[in-house]
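Asks: The structure under discussion is supplied below as structure tokens; questions concerning it will follow.
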Amino acid sequence: MCGRFTLIVSLEELLLRYELDPGYAVPYHRPQYNIAPTQMVLSIIHDGTRLRLGELKWGLVPSWAKDPGIGNRMINARSETLQEKPAYRIPFERKRCLIPADGFYEWKKTDGGKRPYRIKLKSGDLFSMAGLYDIWVQEDGTKLATCTVITTSPNELMKPIHDRMPVILRPEDELRWVKRGAGSPEELQQLLMPYPADEMEAYPVNAAVNSVKNDSPLCIEKSS
């Protein structure tokens, strides 16, 4: 699964990386060292004309859901079953998003308990996790926009740590993924593969990351 991640870059770096128009973006972004489910996360969608940066609540609430609490159980969507699950089928066809990150966390089982690791690109570059979003309308007309991170089987780097990992898209595939009508579900499914292990690295981090209350550089500090 993918249950925590980081986005430490500035808003300016984010806008430059995705060639976003500042007029169509959220006004403020601070470094985030321990992003967790149910929080608002920066996400990128395509509005039919351009890429737009905004915020979505992490934990998908399908448009047809009776209770928004279902989102707490839908932080991840398995790539293998997107076309089978009612909650993901329509978003997969029409409501795909990019979720920017520069690292994610996973917990490895050891004899001494679970140990947190941060996984990132060797280059240190930003990357895009493949996501889905949906909009749920409350009784008073208020809209709740939510998202989920798509996961896939682990690459060779991740296998010793966990049996799932987030889908990281190649930069050249990002627009194809997020743009409406850019491909059939079968074609888009081909993008949901494990990212090459030789381009990634993992290292153990400070146990401070175990608590969502901690959101500081201590979370990404290497641990011996």
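Following the order of the structure tokens, chains are lettered A, B, ..., residues in each are numbered from 1, and ligands are numbered from 1.
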Enumerate the residues of chain A with a DSSP assignment of helix (DSSP H, G or I), computed from the backbone, and present them as a ChimeraX atom specification.

Replies: /A:11-18,22-24,68-73,79-81,86-94,171-178,185-189,197-199,207-210,217-220

Asks: Please provide the set of residues having any atom within 9 Å of Glu174 of chain A, restricted to only C-alpha atoms, with same-chain residues fewer than 3 positions apart removed, written as an mmCIF file with C-alpha atoms, in the first residue's frame.

Replies:
```
data_model
loop_
_atom_site.group_PDB
_atom_site.id
_atom_site.type_symbol
_atom_site.label_atom_id
_atom_site.label_comp_id
_atom_site.auth_asym_id
_atom_site.auth_seq_id
_atom_site.Cartn_x
_atom_site.Cartn_y
_atom_site.Cartn_z
ATOM 1 C CA LEU A 98 -1.486 13.071 -10.675
ATOM 2 C CA SER A 128 3.858 11.637 -10.020
ATOM 3 C CA ALA A 130 -1.093 7.786 -10.451
ATOM 4 C CA LEU A 169 4.366 7.359 -13.825
ATOM 5 C CA ARG A 170 7.121 8.143 -16.276
ATOM 6 C CA PRO A 171 7.179 11.923 -16.958
ATOM 7 C CA TRP A 177 -2.652 9.487 -17.879
ATOM 8 C CA VAL A 178 -4.397 12.631 -16.716
ATOM 9 C CA LYS A 179 -5.865 13.968 -19.963
#
```

Asks: As a PDB file with all heavy atoms, in the first residue's frame, please: the residues near Gln138 of chain A (cut-off 9 Å, only C-alpha atoms, same-chain neighbours under 5 positions excluded).

Replies:
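Result file follows (selection_1.pdb):
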```pdb
ATOM      1  N   PRO A  68     -19.701   9.542   3.633  1.00  0.00           N
ATOM      2  CA  PRO A  68     -18.330   9.915   3.262  1.00  0.00           C
ATOM      3  C   PRO A  68     -17.271   9.176   4.060  1.00  0.00           C
ATOM      4  O   PRO A  68     -16.099   9.174   3.692  1.00  0.00           O
ATOM      5  CB  PRO A  68     -18.292  11.422   3.531  1.00  0.00           C
ATOM      6  CG  PRO A  68     -19.333  11.643   4.583  1.00  0.00           C
ATOM      7  CD  PRO A  68     -20.431  10.678   4.238  1.00  0.00           C
ATOM      8  N   LYS A 143     -19.720  20.267  -1.929  1.00  0.00           N
ATOM      9  CA  LYS A 143     -18.996  19.223  -2.657  1.00  0.00           C
ATOM     10  C   LYS A 143     -17.733  18.805  -1.904  1.00  0.00           C
ATOM     11  O   LYS A 143     -17.032  19.635  -1.345  1.00  0.00           O
ATOM     12  CB  LYS A 143     -18.624  19.704  -4.056  1.00  0.00           C
ATOM     13  CG  LYS A 143     -19.825  19.954  -4.955  1.00  0.00           C
ATOM     14  CD  LYS A 143     -19.405  20.425  -6.340  1.00  0.00           C
ATOM     15  CE  LYS A 143     -20.616  20.651  -7.237  1.00  0.00           C
ATOM     16  NZ  LYS A 143     -20.213  21.120  -8.591  1.00  0.00           N
ATOM     17  N   LEU A 144     -17.487  17.511  -1.912  1.00  0.00           N
ATOM     18  CA  LEU A 144     -16.293  16.945  -1.297  1.00  0.00           C
ATOM     19  C   LEU A 144     -15.489  16.253  -2.390  1.00  0.00           C
ATOM     20  O   LEU A 144     -15.944  15.268  -2.978  1.00  0.00           O
ATOM     21  CB  LEU A 144     -16.672  15.946  -0.198  1.00  0.00           C
ATOM     22  CG  LEU A 144     -15.513  15.205   0.478  1.00  0.00           C
ATOM     23  CD1 LEU A 144     -14.625  16.178   1.239  1.00  0.00           C
ATOM     24  CD2 LEU A 144     -16.058  14.125   1.426  1.00  0.00           C
TER      25      LEU A 144
END
```

Asks: Which one of A:Phe127, A:Thr6, A:Leu53, A:Arg96 sits closest to Pro31 of chain A if you count only C-alpha atoms?

Replies: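 Looking at the shortest contact to Pro31 of chain A, the residue is A:Thr6.
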
Asks: Report, in Å with one decimal, the straight-line distance from atom CA of Arg73 of chain A to atom CA of Val61 of chain A.

Replies: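 Result for atom CA of Arg73 of chain A versus atom CA of Val61 of chain A: 9.4 Å, one decimal.
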
Asks: Using only C-alpha atoms for the distances, tell me which of A:Ser184, A:Thr49, A:Gln190, A:Ser63 is nearest to Asp134 of chain A.

Replies: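 The answer is A:Ser63, which sits nearest to Asp134 of chain A.
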
Asks: Neighbours of Ile135 of chain A within 12 Å (only C-alpha atoms; same-chain residues fewer than 6 positions away dropped), as a ChimeraX atom specification?

Replies: /A:56-57,59-65,68,71,87,90-91,94-95,141-147

Asks: Considering only C-alpha atoms, can you say which of A:Asn214, A:Leu126, A:Leu132, A:Ile44 comes closest to Leu82 of chain A?

Replies: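 Comparing A:Asn214, A:Leu126, A:Leu132, A:Ile44 against Leu82 of chain A, the winner is A:Leu132.
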
Asks: With only C-alpha atoms as the counted atoms, please give the residues lying no more than 12 Å from Lys122 of chain A, apart from itself and same-chain residues fewer than 2 positions off, as a PyMOL selection string.

Replies: chain A and resi 102-103+118-120+124-127+196-203

Asks: Mind dumping the selected residues with C-alpha atoms as a PDB file, in the first residue's frame?

Replies:
```
ATOM      1  CA  ASP A 102       9.319  13.349  -3.798  1.00  0.00           C
ATOM      2  CA  GLY A 103       9.282  10.287  -1.571  1.00  0.00           C
ATOM      3  CA  ARG A 118      11.629   6.330   2.841  1.00  0.00           C
ATOM      4  CA  ILE A 119      11.679   5.468  -0.847  1.00  0.00           C
ATOM      5  CA  LYS A 120      12.634   8.037  -3.466  1.00  0.00           C
ATOM      6  CA  GLY A 124      15.889  13.312  -5.929  1.00  0.00           C
ATOM      7  CA  ASP A 125      13.421  14.556  -8.546  1.00  0.00           C
ATOM      8  CA  LEU A 126       9.719  15.033  -8.095  1.00  0.00           C
ATOM      9  CA  PHE A 127       7.544  12.203  -9.381  1.00  0.00           C
ATOM     10  CA  PRO A 196      12.332   0.590 -12.478  1.00  0.00           C
ATOM     11  CA  ALA A 197      14.113  -0.397  -9.287  1.00  0.00           C
ATOM     12  CA  ASP A 198      17.507   0.757 -10.518  1.00  0.00           C
ATOM     13  CA  GLU A 199      16.262   4.352 -10.595  1.00  0.00           C
ATOM     14  CA  MET A 200      15.099   4.295  -6.975  1.00  0.00           C
ATOM     15  CA  GLU A 201      16.612   4.032  -3.510  1.00  0.00           C
ATOM     16  CA  ALA A 202      15.329   3.281  -0.021  1.00  0.00           C
ATOM     17  CA  TYR A 203      16.738   4.076   3.396  1.00  0.00           C
TER      18      TYR A 203
END
```

Asks: Determine, using only C-alpha atoms, which residues of segment 66-85 of chain A have any atom at most 10 Å from an atom of segment 156-168 of chain A, and tabulate each with its shortest atom pair and distance in Å to one decimal place, rows ordered by chain and then rising number, as JSON lines.

Replies:
```
{"residue": "A:Asn76", "atom": "CA", "partner": "A:Pro166", "partner_atom": "CA", "distance": 8.5}
{"residue": "A:Ala77", "atom": "CA", "partner": "A:Pro166", "partner_atom": "CA", "distance": 9.4}
{"residue": "A:Arg78", "atom": "CA", "partner": "A:Arg164", "partner_atom": "CA", "distance": 9.0}
{"residue": "A:Ser79", "atom": "CA", "partner": "A:Val167", "partner_atom": "CA", "distance": 8.2}
```
